[in-house]
Amino acid sequence: MENLTNSGSSGRLIIVAYRLPFKLVRENDQVRLFQNSGGLVSAVLSLVKDTRMPKFNTSEKIQWVGFSENTREELEGQSLANEEFQAHPVFIPEEVNENYYEGFCNNLIWPLCHYFPSLARFNDEYFEAYQTANRLFFEKLDEILEPDDTIWVQDYQLMLLPGMIREKYPSNKIGFFFHIPFPSYELFRMLPVRWRKALVDGILGADVVGFHTNDYVEYFLKAARLVSEYGNKLHYINMSNRIVKVDSFPISIDFEKFNAAFDEPEVMQARNDARQSLKEKVIFSVDRLDYSKGIIHRLKGYQRFLERYPEWHEKVSFVMVVVPSRDTIEQYQQMKSDIDQTVGKINADFGNIYWQPIIYQYRSMPYHELVGMYTASDVALITPVRDGMNLVCKEYVASRKDRKGVLILSEMAGAAAELGEAIIINPLDSQDIADAIKQAFEMPVEEQTKRMDAMRERIKDYDVFAWTNDFFTQMTMLEQEHDRLRQVFLNTSGIDAIRQAYEASTDRILFFDYDGTLAPIVADPAKAIISEDVKKLIGEIAKRDTVVIVSGRDKQFLGDLFNDLPVHIIAEHGALVKTKGSEEWMLNADYEEGWKESIRPIMDMYAKRCPGAFVEEKETSLAWHYRTADEKEYATRRAQELLWQLKNYIQPELNLQVIDGNKVVEVKKTAFNKGTATRMFVDNGSYDFVLAIGDDTTDEDMFEALPDTSFTIKIGDDLSAARNHIRSQDEVFHFLTFMVSSVSE
C-alpha cells in the first residue's frame with residue numbers, strides 16, 4: 001500500500017459540499033468561524049495530516065466550497081479561513097435555493113432515494129434551479145482551481161457538478177461520494193428522461209464514484225447502462241477516453257473518539273444519572289425528525305412488545321430522542337404530531353403513576369449526554385425504513401468500551417451489511433421488533449460481549465480515516481490503471497519501428513480479429529465480408545508467417561471464408577480451433593454441453609420484444625444480435641436489460657461468461673477466450689515477433705494474455721490493454737502493407 005499512497009497528487013485538496021465546515025457568525029463587524037466536528041470534517045483533515053494518506057500540498061489549507069447563508073455584502077473583506085480550512089462561499093439567490101435545496105433535493109431526490117415515491121414532487125422549476133445552483137458551485141470552483149488540485153464532490157445536492165468540472169478541466173482528479181441510498185432502477189426511472197440522463201452523466205464526470213453499499217453500486221451501474229448506455233467490467237466503466245471506478249466505501253466514524261469518551265468525567269456523570277433515574281432495562285434511540293427513520297413503526301413495535309410481554313411492564317424505560325429537522329414544513333409538523341400522539345397513547349395505555357414506558361424528548365443532545373445514554377442503555381433500537389448508512393449504530397458500538405449492550409438494527413440501513421452481529425429486524429414488522437427487544441433483554445452477557453467485540457473490531461479497523469484513505473487509494477490506483485490503458489496512437493515513427501522489428505525477425509506470428517479489423521462493421525453481420533485487397537494481403541503474409549484469424553464468429557462462416565488461405569482459425573472466442581491445412585475443428589477440452597437450454601429462452605424472449613433483434617446459436621455460444629433492430633435506442637435499452645438479467649440469473653457454478661460486445665450480447669463458457677487460445681499458439685512456438693490487432697471488448701483478453709514483447713494494436717479510441725491504437729478499420733490495410741513492404745517473398 002505504501003507505494004500507492006505516496007504517489008498521490010502534490011496539489012491541493014478541494015472539498016465541494018452543500019454546507020461549509022463551519023458556521024460564519026458576524027460579531028462587531030468581524031466574522032468568526034465556528035468549525036463543526038462532524039465525521040466528514042475529521043476525515044478530510046486526516047487526508048492532509050496523516051502521513052499514510054495520499055500526499056496533498058501541506059503548505060496549503062484545505063479549500064472548501066459550500067453554500068453560505070450570509071450575503072455577499074456581509075462577508076465582503078472578511079478572512080474566511082482558520083488553521084485548517086479556507087472557505088469559498090457560494091451565494092445562491094433565495095428563490096433559486098428554495099427550489100434547488102428544499103425543492104429538487106429534499107422534495108424529490110430525498111423521498112425518491114429513500115423509497116417514498118408518493119412524496120416526490122416533479123416540478124420543472126426544481127430541476128431548473130438545481131442546474132442553476134450546480135452552475136453557481138462550478139463558477140466558484142472555477143475561480144480557484146489549479147492544475148494539480150484534486151476535487152472531492154459530496155452528495156446528492158451536486159450530482160451535475162463532476163460533469164461540469166470534467167468538461168472544462170479534463171486532467172484534474174475528481175471524486176464523488178453519494179451519502180444516501182441510490183434507488184433501484186424502477187424508482188430512478190420515475191425521473192423524466194432528460195433529468196435522469198443529466199444526473200447519471202454528471203456523476204460520471206468523476207474518476208471515482210463512491211456509495212455506502214454494494215447494492216447501491218449495482219443500482220447505479222444499472223442506471224448507467226440503461227440511461228446512458230455505459231456497460232461496466234468489474235465496476236470499471238470505460239468512457240472511451242477514460243475510466244470511471246464505481247465502488248462501495250461504507251462511511252464510518254472516529255472509533256477512538258467514541259471509545260475514549262466512555263471514561264470522560266462528563267460522560268460518566270451522564271451515564272450514572274441516567275442509570276439512577278431509569279428502570280432496570282433501558283432502550284435508547286436518537287434520530288433526526290424524518291419519515292425515513294421509521295419512528296412511528298418503532299413505537300408500534302415497542303407497543304407490541306408491551307402488549308405481548310406484560311412481564312416486562314415497569315421494568316423498562318424507552319428513552320426516545322428526536323432531533324428537530326425541517327419542522328417549519330407542514331409534512332414534518334404532521335409527522336411530529338403523529339409521534340406526539342402515539343407516545344401519549346402508549347404512555348396512557350401502559351404507564352402508571354410509578355412508570356412511564358416512553359421518555360420522549362424533542363431536542364438536540366450535547367455530545368457528553370449522547371454518549372452517556374449510549375453507554376447507559378441495554379439496547380440501542382435503530383429502525384430506519386431506509387438509510388444510506390446510519391452512523392448512530394456505529395457510534396453506539398464504538399462507545400461501548402465495556403463490551404456490553406445489544407444493537408437492534410433495521411435491515412434497511414446500509415450499516416446492516418457490516419454489523420451482522422446485531423439483531424437484524426424488518427422495521428415494518430411490529431412483531432419482529434417486539435421479539436427482538438425480548439431477545440435483547442434475555443441475551444446473556446457472554447453473548448453480548450461476543451457480538452459487540454466482533455462489531456467493535458470491524459468499526460475500529462475501518463474507521464472514518466480508513467474510509468477516506470480507501471477512497472483516495474482507489475483514485476491513485478485508477479490513475480495507474482489509466483497509465484496502463486493509455487491511448488498511444490501509432491504515428492509514422494511508431495509504425496516504422498514495428499516495420500523494422502518485423503523485418504529483423506525470422507519466426508513471426510500475427511493474430512487478426514475479423515469484424516471491425518479485417519472487415520468493416522456493418523448492420524447485417526452476414527454482409528461483413530473481407531475485401532479482396534485485404535484477403536490477398538493476408539494470404540501473402542500467411543505464405544511466410546504464421547497467421548491466426550481470431551473471431552467470435554461460428555466455424556462455418558470462418559471456415560468457408562478462409563478455406564483457400566494457409567491460416568489457422570480460432571472461432572467462437574477460443575472454443576474451436578482449426579489449424580492450417582486441416583479440415584478438422586478441435587473443440588476446447590474444457591467445453592461442457594447442456595447449458596444452452598436454460599439461456600436460450602431468455603434470449604428468445606428479448607428477441608421477440610425487440611423487432612429486428614435475433615438469436616444466433618453457435619456451437620459453443622449463444623449470441624443476441626441487435627445491430628439490425630428497428631429502433632436503435634430501444635434495442636440498446638433492451639440489450640442492457642438482457643445483460644443485467646443474464647448476469648443476475650447465471651449462477652457461478654455454470655462457469656458462463658456474459659460478453660457485452662459490439663451490438664451483440666453473447667454467452668459462452670468461461671474456461672476459454674481469445675486470450676487463452678492465442679496464448680496456446682504462442683506457447684507452442686518460438687516466435688520472435690508477435691502482433692495482434694482487434695477492435696472489440698473481447699480482444700482485450702488477447703491483448704492481456706500475449707507476452708509483453710508483443711505488438712498489440714486496438715482499432716479506435718477506446719481505452720485498451722493494447723499498447724498502441726490506430727484510428728479506424730480502413731487503416732489496417734495500409735498499416736499492414738507498409739509493415740511488410742521491405743520483406744520479399
# chains A, B, ... in the order shown; residues from 1 in each chain; ligands from 1
$ residues_around --residues "Asp378 of chain A" --least-positions-apart "4" --cutoff "7 Å" --atoms "only C-alpha atoms" --output "PyMOL selection string"
chain A and resi 281-283+405-406
$ write_last_selection --atoms "C-alpha atoms" --output "PDB file, in the first residue's frame"
ATOM      1  CA  LYS A 281     -33.683  -2.166  31.381  1.00  0.00           C
ATOM      2  CA  VAL A 282     -33.070   0.858  29.157  1.00  0.00           C
ATOM      3  CA  ILE A 283     -33.770   1.167  25.434  1.00  0.00           C
ATOM      4  CA  GLY A 405     -25.252  -3.813  25.244  1.00  0.00           C
ATOM      5  CA  VAL A 406     -27.303  -5.101  22.316  1.00  0.00           C
TER       6      VAL A 406
END
$ residues_around --residues "segment 618-628 of chain A" --least-positions-apart "2" --cutoff "7 Å" --atoms "only C-alpha atoms" --output "mmCIF file with N, CA and C atoms, in the first residue's frame"
data_model
loop_
_atom_site.group_PDB
_atom_site.id
_atom_site.type_symbol
_atom_site.label_atom_id
_atom_site.label_comp_id
_atom_site.auth_asym_id
_atom_site.auth_seq_id
_atom_site.Cartn_x
_atom_site.Cartn_y
_atom_site.Cartn_z
ATOM 1 N N ALA A 523 -24.402 -3.248 -40.642
ATOM 2 C CA ALA A 523 -25.652 -3.502 -39.911
ATOM 3 C C ALA A 523 -25.981 -4.985 -39.864
ATOM 4 N N ASP A 524 -25.831 -5.686 -40.993
ATOM 5 C CA ASP A 524 -26.114 -7.120 -41.045
ATOM 6 C C ASP A 524 -24.809 -7.887 -40.967
ATOM 7 N N ASP A 554 -18.905 -18.073 -35.954
ATOM 8 C CA ASP A 554 -19.000 -19.536 -35.901
ATOM 9 C C ASP A 554 -18.056 -20.167 -36.911
ATOM 10 N N GLU A 572 -15.471 -18.750 -32.343
ATOM 11 C CA GLU A 572 -16.320 -18.681 -31.147
ATOM 12 C C GLU A 572 -15.509 -18.377 -29.878
ATOM 13 N N ALA A 575 -13.271 -21.281 -28.470
ATOM 14 C CA ALA A 575 -13.846 -22.599 -28.200
ATOM 15 C C ALA A 575 -13.432 -23.619 -29.258
ATOM 16 N N MET A 603 -33.002 -15.281 -24.079
ATOM 17 C CA MET A 603 -32.624 -14.506 -25.257
ATOM 18 C C MET A 603 -33.761 -14.453 -26.271
ATOM 19 N N GLY A 612 -36.372 -6.882 -34.971
ATOM 20 C CA GLY A 612 -35.100 -6.778 -35.684
ATOM 21 C C GLY A 612 -33.960 -7.469 -34.989
ATOM 22 N N ALA A 613 -34.090 -7.728 -33.700
ATOM 23 C CA ALA A 613 -33.049 -8.468 -32.971
ATOM 24 C C ALA A 613 -33.248 -9.966 -33.230
ATOM 25 N N PHE A 614 -32.167 -10.741 -33.144
ATOM 26 C CA PHE A 614 -32.285 -12.184 -33.353
ATOM 27 C C PHE A 614 -31.212 -12.911 -32.551
ATOM 28 N N VAL A 615 -31.462 -14.189 -32.302
ATOM 29 C CA VAL A 615 -30.538 -15.033 -31.547
ATOM 30 C C VAL A 615 -29.798 -15.938 -32.512
ATOM 31 N N GLU A 616 -28.475 -15.939 -32.396
ATOM 32 C CA GLU A 616 -27.633 -16.839 -33.197
ATOM 33 C C GLU A 616 -27.085 -17.920 -32.279
ATOM 34 N N ASP A 630 -34.956 -2.460 -35.337
ATOM 35 C CA ASP A 630 -35.650 -1.332 -35.974
ATOM 36 C C ASP A 630 -35.386 -0.011 -35.244
ATOM 37 N N ALA A 635 -33.516 -0.757 -28.791
ATOM 38 C CA ALA A 635 -32.744 -2.002 -28.804
ATOM 39 C C ALA A 635 -31.585 -1.951 -27.819
ATOM 40 N N LYS A 663 -22.783 -4.325 -30.421
ATOM 41 C CA LYS A 663 -24.157 -4.587 -30.851
ATOM 42 C C LYS A 663 -24.515 -6.064 -30.751
ATOM 43 N N VAL A 664 -23.923 -6.754 -29.788
ATOM 44 C CA VAL A 664 -24.237 -8.157 -29.565
ATOM 45 C C VAL A 664 -24.011 -8.485 -28.091
ATOM 46 N N VAL A 665 -24.929 -9.292 -27.548
ATOM 47 C CA VAL A 665 -24.763 -9.832 -26.203
ATOM 48 C C VAL A 665 -24.547 -11.332 -26.360
ATOM 49 N N GLU A 666 -23.425 -11.811 -25.828
ATOM 50 C CA GLU A 666 -23.068 -13.211 -26.065
ATOM 51 C C GLU A 666 -22.808 -13.921 -24.749
ATOM 52 N N VAL A 667 -23.176 -15.211 -24.708
ATOM 53 C CA VAL A 667 -22.914 -16.042 -23.541
ATOM 54 C C VAL A 667 -22.083 -17.227 -23.964
ATOM 55 N N LYS A 668 -20.999 -17.504 -23.231
ATOM 56 C CA LYS A 668 -20.104 -18.618 -23.528
ATOM 57 C C LYS A 668 -19.516 -19.147 -22.240
#
$ select_by_dssp --residues "segment 35-148 of chain A" --states "alpha helix (DSSP H)" --output "PDB file with C-alpha atoms, in the first residue's frame"
ATOM      1  CA  GLY A  39     -17.147  12.919  10.767  1.00  0.00           C
ATOM      2  CA  LEU A  40     -16.548  14.282   7.272  1.00  0.00           C
ATOM      3  CA  VAL A  41     -14.582  17.267   8.619  1.00  0.00           C
ATOM      4  CA  SER A  42     -12.393  14.972  10.765  1.00  0.00           C
ATOM      5  CA  ALA A  43     -11.868  12.592   7.855  1.00  0.00           C
ATOM      6  CA  VAL A  44     -10.893  15.367   5.465  1.00  0.00           C
ATOM      7  CA  LEU A  45      -8.384  16.750   7.963  1.00  0.00           C
ATOM      8  CA  SER A  46      -6.813  13.310   8.204  1.00  0.00           C
ATOM      9  CA  LEU A  47      -6.162  13.287   4.459  1.00  0.00           C
ATOM     10  CA  VAL A  48      -3.671  16.093   4.841  1.00  0.00           C
ATOM     11  CA  LYS A  49      -2.300  15.411   8.336  1.00  0.00           C
ATOM     12  CA  ARG A  72     -22.022  38.627  -0.204  1.00  0.00           C
ATOM     13  CA  GLU A  73     -22.072  42.068   1.436  1.00  0.00           C
ATOM     14  CA  GLU A  74     -21.864  40.616   4.947  1.00  0.00           C
ATOM     15  CA  LEU A  75     -18.717  38.675   4.082  1.00  0.00           C
ATOM     16  CA  GLU A  94     -33.126  32.812  -2.071  1.00  0.00           C
ATOM     17  CA  GLU A  95     -35.749  31.846  -4.646  1.00  0.00           C
ATOM     18  CA  VAL A  96     -33.281  29.626  -6.511  1.00  0.00           C
ATOM     19  CA  ASN A  97     -32.144  27.991  -3.286  1.00  0.00           C
ATOM     20  CA  TRP A 110     -34.598  12.584  -0.910  1.00  0.00           C
ATOM     21  CA  PRO A 111     -38.008  10.821  -0.942  1.00  0.00           C
ATOM     22  CA  LEU A 112     -37.246   9.000  -4.199  1.00  0.00           C
ATOM     23  CA  CYS A 113     -33.915   7.653  -2.892  1.00  0.00           C
ATOM     24  CA  ASP A 124     -39.823  21.659 -13.767  1.00  0.00           C
ATOM     25  CA  GLU A 125     -38.700  24.722 -11.810  1.00  0.00           C
ATOM     26  CA  TYR A 126     -36.997  22.387  -9.314  1.00  0.00           C
ATOM     27  CA  PHE A 127     -34.683  20.953 -11.951  1.00  0.00           C
ATOM     28  CA  GLU A 128     -34.000  24.362 -13.483  1.00  0.00           C
ATOM     29  CA  ALA A 129     -32.970  25.641 -10.055  1.00  0.00           C
ATOM     30  CA  TYR A 130     -30.840  22.502  -9.490  1.00  0.00           C
ATOM     31  CA  GLN A 131     -28.948  23.192 -12.721  1.00  0.00           C
ATOM     32  CA  THR A 132     -28.521  26.860 -11.794  1.00  0.00           C
ATOM     33  CA  ALA A 133     -27.216  26.064  -8.301  1.00  0.00           C
ATOM     34  CA  ASN A 134     -24.772  23.441  -9.578  1.00  0.00           C
ATOM     35  CA  ARG A 135     -23.544  26.000 -12.092  1.00  0.00           C
ATOM     36  CA  LEU A 136     -23.013  28.536  -9.264  1.00  0.00           C
ATOM     37  CA  PHE A 137     -20.931  25.970  -7.369  1.00  0.00           C
ATOM     38  CA  PHE A 138     -18.903  25.378 -10.531  1.00  0.00           C
ATOM     39  CA  GLU A 139     -18.334  29.094 -11.093  1.00  0.00           C
ATOM     40  CA  LYS A 140     -16.938  29.436  -7.562  1.00  0.00           C
ATOM     41  CA  LEU A 141     -14.713  26.409  -8.114  1.00  0.00           C
ATOM     42  CA  ASP A 142     -13.625  27.818 -11.469  1.00  0.00           C
ATOM     43  CA  GLU A 143     -12.256  30.900  -9.665  1.00  0.00           C
ATOM     44  CA  ILE A 144      -9.850  28.908  -7.514  1.00  0.00           C
TER      45      ILE A 144
END
$ residues_around --residues "Asp461 of chain A" --least-positions-apart "4" --cutoff "12 Å" --atoms "only C-alpha atoms" --output "PDB file with C-alpha atoms, in the first residue's frame"
ATOM      1  CA  SER A 252     -17.660   5.179   9.323  1.00  0.00           C
ATOM      2  CA  ILE A 253     -16.874   7.177  12.463  1.00  0.00           C
ATOM      3  CA  ASP A 254     -13.909   8.178  14.594  1.00  0.00           C
ATOM      4  CA  PHE A 255     -13.817   4.968  16.650  1.00  0.00           C
ATOM      5  CA  GLU A 256     -11.177   6.143  19.119  1.00  0.00           C
ATOM      6  CA  ALA A 398     -17.789   2.271  19.367  1.00  0.00           C
ATOM      7  CA  GLU A 418     -21.321  -4.591   8.136  1.00  0.00           C
ATOM      8  CA  ALA A 454     -16.848  -8.531  16.563  1.00  0.00           C
ATOM      9  CA  MET A 455     -18.638  -5.309  15.616  1.00  0.00           C
ATOM     10  CA  ARG A 456     -16.199  -3.097  17.510  1.00  0.00           C
ATOM     11  CA  GLU A 457     -13.223  -4.735  15.827  1.00  0.00           C
ATOM     12  CA  PHE A 465      -9.930   7.644   8.416  1.00  0.00           C
ATOM     13  CA  ALA A 466      -9.676   4.252   6.720  1.00  0.00           C
ATOM     14  CA  TRP A 467     -12.725   5.286   4.678  1.00  0.00           C
ATOM     15  CA  ASP A 470      -9.622   3.752   0.877  1.00  0.00           C
TER      16      ASP A 470
END
$ select_by_dssp --residues "segment 304-476 of chain A" --states "strand (DSSP E or B)" --output "VMD selection string"
chain A and resid 316 to 323 352 355 358 to 362 379 to 382 387 406 to 410 413 423 to 425
$ write_last_selection --atoms "N, CA and C atoms" --output "PDB file, in the first residue's frame"
ATOM      1  N   VAL A 316     -38.855  -1.494  32.246  1.00  0.00           N
ATOM      2  CA  VAL A 316     -38.151  -0.981  31.069  1.00  0.00           C
ATOM      3  C   VAL A 316     -38.463   0.500  30.862  1.00  0.00           C
ATOM      4  N   SER A 317     -37.440   1.237  30.486  1.00  0.00           N
ATOM      5  CA  SER A 317     -37.597   2.634  30.085  1.00  0.00           C
ATOM      6  C   SER A 317     -37.081   2.776  28.647  1.00  0.00           C
ATOM      7  N   PHE A 318     -37.959   3.294  27.786  1.00  0.00           N
ATOM      8  CA  PHE A 318     -37.560   3.567  26.396  1.00  0.00           C
ATOM      9  C   PHE A 318     -37.332   5.069  26.279  1.00  0.00           C
ATOM     10  N   VAL A 319     -36.048   5.452  26.169  1.00  0.00           N
ATOM     11  CA  VAL A 319     -35.694   6.867  26.014  1.00  0.00           C
ATOM     12  C   VAL A 319     -35.579   7.148  24.512  1.00  0.00           C
ATOM     13  N   MET A 320     -36.498   7.935  23.992  1.00  0.00           N
ATOM     14  CA  MET A 320     -36.523   8.235  22.560  1.00  0.00           C
ATOM     15  C   MET A 320     -36.312   9.726  22.345  1.00  0.00           C
ATOM     16  N   VAL A 321     -35.205  10.058  21.716  1.00  0.00           N
ATOM     17  CA  VAL A 321     -34.876  11.456  21.439  1.00  0.00           C
ATOM     18  C   VAL A 321     -35.030  11.690  19.938  1.00  0.00           C
ATOM     19  N   VAL A 322     -35.796  12.710  19.585  1.00  0.00           N
ATOM     20  CA  VAL A 322     -35.971  13.110  18.191  1.00  0.00           C
ATOM     21  C   VAL A 322     -35.397  14.514  18.044  1.00  0.00           C
ATOM     22  N   VAL A 323     -34.452  14.642  17.111  1.00  0.00           N
ATOM     23  CA  VAL A 323     -33.771  15.926  16.911  1.00  0.00           C
ATOM     24  C   VAL A 323     -34.559  16.743  15.892  1.00  0.00           C
ATOM     25  N   ASN A 352     -48.227   4.053  34.479  1.00  0.00           N
ATOM     26  CA  ASN A 352     -48.966   4.352  35.709  1.00  0.00           C
ATOM     27  C   ASN A 352     -48.204   5.427  36.468  1.00  0.00           C
ATOM     28  N   TRP A 355     -44.548   4.575  36.659  1.00  0.00           N
ATOM     29  CA  TRP A 355     -43.772   4.141  35.477  1.00  0.00           C
ATOM     30  C   TRP A 355     -44.255   4.815  34.206  1.00  0.00           C
ATOM     31  N   ILE A 358     -42.375   5.369  27.914  1.00  0.00           N
ATOM     32  CA  ILE A 358     -41.535   6.100  26.956  1.00  0.00           C
ATOM     33  C   ILE A 358     -41.178   7.461  27.528  1.00  0.00           C
ATOM     34  N   ILE A 359     -39.895   7.745  27.539  1.00  0.00           N
ATOM     35  CA  ILE A 359     -39.421   9.091  27.900  1.00  0.00           C
ATOM     36  C   ILE A 359     -39.007   9.740  26.584  1.00  0.00           C
ATOM     37  N   TYR A 360     -39.821  10.654  26.130  1.00  0.00           N
ATOM     38  CA  TYR A 360     -39.671  11.211  24.781  1.00  0.00           C
ATOM     39  C   TYR A 360     -39.242  12.667  24.878  1.00  0.00           C
ATOM     40  N   GLN A 361     -38.195  13.007  24.122  1.00  0.00           N
ATOM     41  CA  GLN A 361     -37.720  14.392  24.112  1.00  0.00           C
ATOM     42  C   GLN A 361     -37.487  14.827  22.669  1.00  0.00           C
ATOM     43  N   TYR A 362     -37.950  16.027  22.369  1.00  0.00           N
ATOM     44  CA  TYR A 362     -37.786  16.590  21.030  1.00  0.00           C
ATOM     45  C   TYR A 362     -36.763  17.716  21.133  1.00  0.00           C
ATOM     46  N   VAL A 379     -30.066  -1.528  25.315  1.00  0.00           N
ATOM     47  CA  VAL A 379     -30.425  -1.776  23.918  1.00  0.00           C
ATOM     48  C   VAL A 379     -30.429  -0.460  23.154  1.00  0.00           C
ATOM     49  N   ALA A 380     -29.813  -0.474  21.964  1.00  0.00           N
ATOM     50  CA  ALA A 380     -29.987   0.638  21.018  1.00  0.00           C
ATOM     51  C   ALA A 380     -30.957   0.150  19.957  1.00  0.00           C
ATOM     52  N   LEU A 381     -32.061   0.870  19.803  1.00  0.00           N
ATOM     53  CA  LEU A 381     -33.133   0.454  18.879  1.00  0.00           C
ATOM     54  C   LEU A 381     -33.110   1.390  17.674  1.00  0.00           C
ATOM     55  N   ILE A 382     -32.591   0.887  16.547  1.00  0.00           N
ATOM     56  CA  ILE A 382     -32.353   1.727  15.373  1.00  0.00           C
ATOM     57  C   ILE A 382     -33.099   1.097  14.197  1.00  0.00           C
ATOM     58  N   ASP A 387     -32.043   3.871   5.014  1.00  0.00           N
ATOM     59  CA  ASP A 387     -30.963   4.759   5.444  1.00  0.00           C
ATOM     60  C   ASP A 387     -29.708   4.434   4.650  1.00  0.00           C
ATOM     61  N   VAL A 406     -26.815  -4.397  23.503  1.00  0.00           N
ATOM     62  CA  VAL A 406     -27.303  -5.101  22.316  1.00  0.00           C
ATOM     63  C   VAL A 406     -27.802  -4.081  21.303  1.00  0.00           C
ATOM     64  N   LEU A 407     -27.379  -4.247  20.073  1.00  0.00           N
ATOM     65  CA  LEU A 407     -27.821  -3.392  18.981  1.00  0.00           C
ATOM     66  C   LEU A 407     -28.931  -4.102  18.204  1.00  0.00           C
ATOM     67  N   ILE A 408     -30.101  -3.450  18.128  1.00  0.00           N
ATOM     68  CA  ILE A 408     -31.179  -3.911  17.251  1.00  0.00           C
ATOM     69  C   ILE A 408     -31.183  -2.971  16.048  1.00  0.00           C
ATOM     70  N   LEU A 409     -31.002  -3.548  14.861  1.00  0.00           N
ATOM     71  CA  LEU A 409     -30.756  -2.715  13.679  1.00  0.00           C
ATOM     72  C   LEU A 409     -31.641  -3.131  12.509  1.00  0.00           C
ATOM     73  N   SER A 410     -32.198  -2.137  11.837  1.00  0.00           N
ATOM     74  CA  SER A 410     -33.022  -2.370  10.648  1.00  0.00           C
ATOM     75  C   SER A 410     -32.191  -2.941   9.506  1.00  0.00           C
ATOM     76  N   ALA A 413     -30.999  -0.371   6.797  1.00  0.00           N
ATOM     77  CA  ALA A 413     -29.883   0.564   6.984  1.00  0.00           C
ATOM     78  C   ALA A 413     -28.652   0.014   6.271  1.00  0.00           C
ATOM     79  N   ILE A 423     -28.918  -7.686  16.194  1.00  0.00           N
ATOM     80  CA  ILE A 423     -30.190  -8.364  15.920  1.00  0.00           C
ATOM     81  C   ILE A 423     -30.831  -7.593  14.769  1.00  0.00           C
ATOM     82  N   ILE A 424     -30.854  -8.210  13.600  1.00  0.00           N
ATOM     83  CA  ILE A 424     -31.336  -7.533  12.395  1.00  0.00           C
ATOM     84  C   ILE A 424     -32.841  -7.754  12.269  1.00  0.00           C
ATOM     85  N   ILE A 425     -33.570  -6.656  12.090  1.00  0.00           N
ATOM     86  CA  ILE A 425     -35.040  -6.752  12.045  1.00  0.00           C
ATOM     87  C   ILE A 425     -35.592  -6.053  10.801  1.00  0.00           C
TER      88      ILE A 425
END
$ closest_residue --among "A:Gly414, A:Gly559, A:Pro265, A:Gly685" --to "Arg386 of chain A" --atoms "only C-alpha atoms"
A:Gly414
$ decode --residues "segment 271-288 of chain A" --atoms "N, CA and C atoms" --output "PDB file, in the first residue's frame"
ATOM      1  N   ARG A 271     -23.986   9.045  32.397  1.00  0.00           N
ATOM      2  CA  ARG A 271     -24.344   7.627  32.445  1.00  0.00           C
ATOM      3  C   ARG A 271     -24.930   7.268  33.813  1.00  0.00           C
ATOM      4  N   ASN A 272     -24.283   7.721  34.858  1.00  0.00           N
ATOM      5  CA  ASN A 272     -24.763   7.429  36.217  1.00  0.00           C
ATOM      6  C   ASN A 272     -26.128   8.058  36.485  1.00  0.00           C
ATOM      7  N   ASP A 273     -26.306   9.300  36.026  1.00  0.00           N
ATOM      8  CA  ASP A 273     -27.588   9.982  36.211  1.00  0.00           C
ATOM      9  C   ASP A 273     -28.710   9.208  35.517  1.00  0.00           C
ATOM     10  N   ALA A 274     -28.417   8.747  34.278  1.00  0.00           N
ATOM     11  CA  ALA A 274     -29.427   8.009  33.530  1.00  0.00           C
ATOM     12  C   ALA A 274     -29.774   6.704  34.232  1.00  0.00           C
ATOM     13  N   ARG A 275     -28.772   6.009  34.689  1.00  0.00           N
ATOM     14  CA  ARG A 275     -28.999   4.714  35.336  1.00  0.00           C
ATOM     15  C   ARG A 275     -29.835   4.867  36.627  1.00  0.00           C
ATOM     16  N   GLN A 276     -29.577   5.928  37.351  1.00  0.00           N
ATOM     17  CA  GLN A 276     -30.286   6.134  38.617  1.00  0.00           C
ATOM     18  C   GLN A 276     -31.747   6.518  38.399  1.00  0.00           C
ATOM     19  N   SER A 277     -32.026   7.214  37.299  1.00  0.00           N
ATOM     20  CA  SER A 277     -33.376   7.731  37.089  1.00  0.00           C
ATOM     21  C   SER A 277     -34.264   6.807  36.253  1.00  0.00           C
ATOM     22  N   LEU A 278     -33.657   5.787  35.621  1.00  0.00           N
ATOM     23  CA  LEU A 278     -34.417   4.924  34.723  1.00  0.00           C
ATOM     24  C   LEU A 278     -34.600   3.529  35.311  1.00  0.00           C
ATOM     25  N   LYS A 279     -35.412   2.733  34.650  1.00  0.00           N
ATOM     26  CA  LYS A 279     -35.711   1.380  35.110  1.00  0.00           C
ATOM     27  C   LYS A 279     -34.535   0.444  34.864  1.00  0.00           C
ATOM     28  N   GLU A 280     -34.705  -0.829  35.225  1.00  0.00           N
ATOM     29  CA  GLU A 280     -33.569  -1.765  35.175  1.00  0.00           C
ATOM     30  C   GLU A 280     -33.124  -2.068  33.749  1.00  0.00           C
ATOM     31  N   LYS A 281     -34.050  -1.984  32.782  1.00  0.00           N
ATOM     32  CA  LYS A 281     -33.683  -2.166  31.381  1.00  0.00           C
ATOM     33  C   LYS A 281     -33.956  -0.864  30.632  1.00  0.00           C
ATOM     34  N   VAL A 282     -32.969  -0.429  29.856  1.00  0.00           N
ATOM     35  CA  VAL A 282     -33.070   0.858  29.157  1.00  0.00           C
ATOM     36  C   VAL A 282     -32.899   0.634  27.652  1.00  0.00           C
ATOM     37  N   ILE A 283     -33.864   1.126  26.896  1.00  0.00           N
ATOM     38  CA  ILE A 283     -33.770   1.167  25.434  1.00  0.00           C
ATOM     39  C   ILE A 283     -33.528   2.618  25.035  1.00  0.00           C
ATOM     40  N   PHE A 284     -32.659   2.824  24.057  1.00  0.00           N
ATOM     41  CA  PHE A 284     -32.353   4.204  23.646  1.00  0.00           C
ATOM     42  C   PHE A 284     -32.405   4.299  22.127  1.00  0.00           C
ATOM     43  N   SER A 285     -32.985   5.399  21.635  1.00  0.00           N
ATOM     44  CA  SER A 285     -32.898   5.719  20.211  1.00  0.00           C
ATOM     45  C   SER A 285     -32.782   7.219  20.056  1.00  0.00           C
ATOM     46  N   VAL A 286     -32.053   7.629  19.031  1.00  0.00           N
ATOM     47  CA  VAL A 286     -31.924   9.050  18.724  1.00  0.00           C
ATOM     48  C   VAL A 286     -31.921   9.199  17.201  1.00  0.00           C
ATOM     49  N   ASP A 287     -32.747  10.109  16.703  1.00  0.00           N
ATOM     50  CA  ASP A 287     -32.894  10.309  15.257  1.00  0.00           C
ATOM     51  C   ASP A 287     -33.229  11.756  14.973  1.00  0.00           C
ATOM     52  N   ARG A 288     -32.885  12.171  13.749  1.00  0.00           N
ATOM     53  CA  ARG A 288     -33.412  13.415  13.231  1.00  0.00           C
ATOM     54  C   ARG A 288     -34.864  13.164  12.810  1.00  0.00           C
TER      55      ARG A 288
END
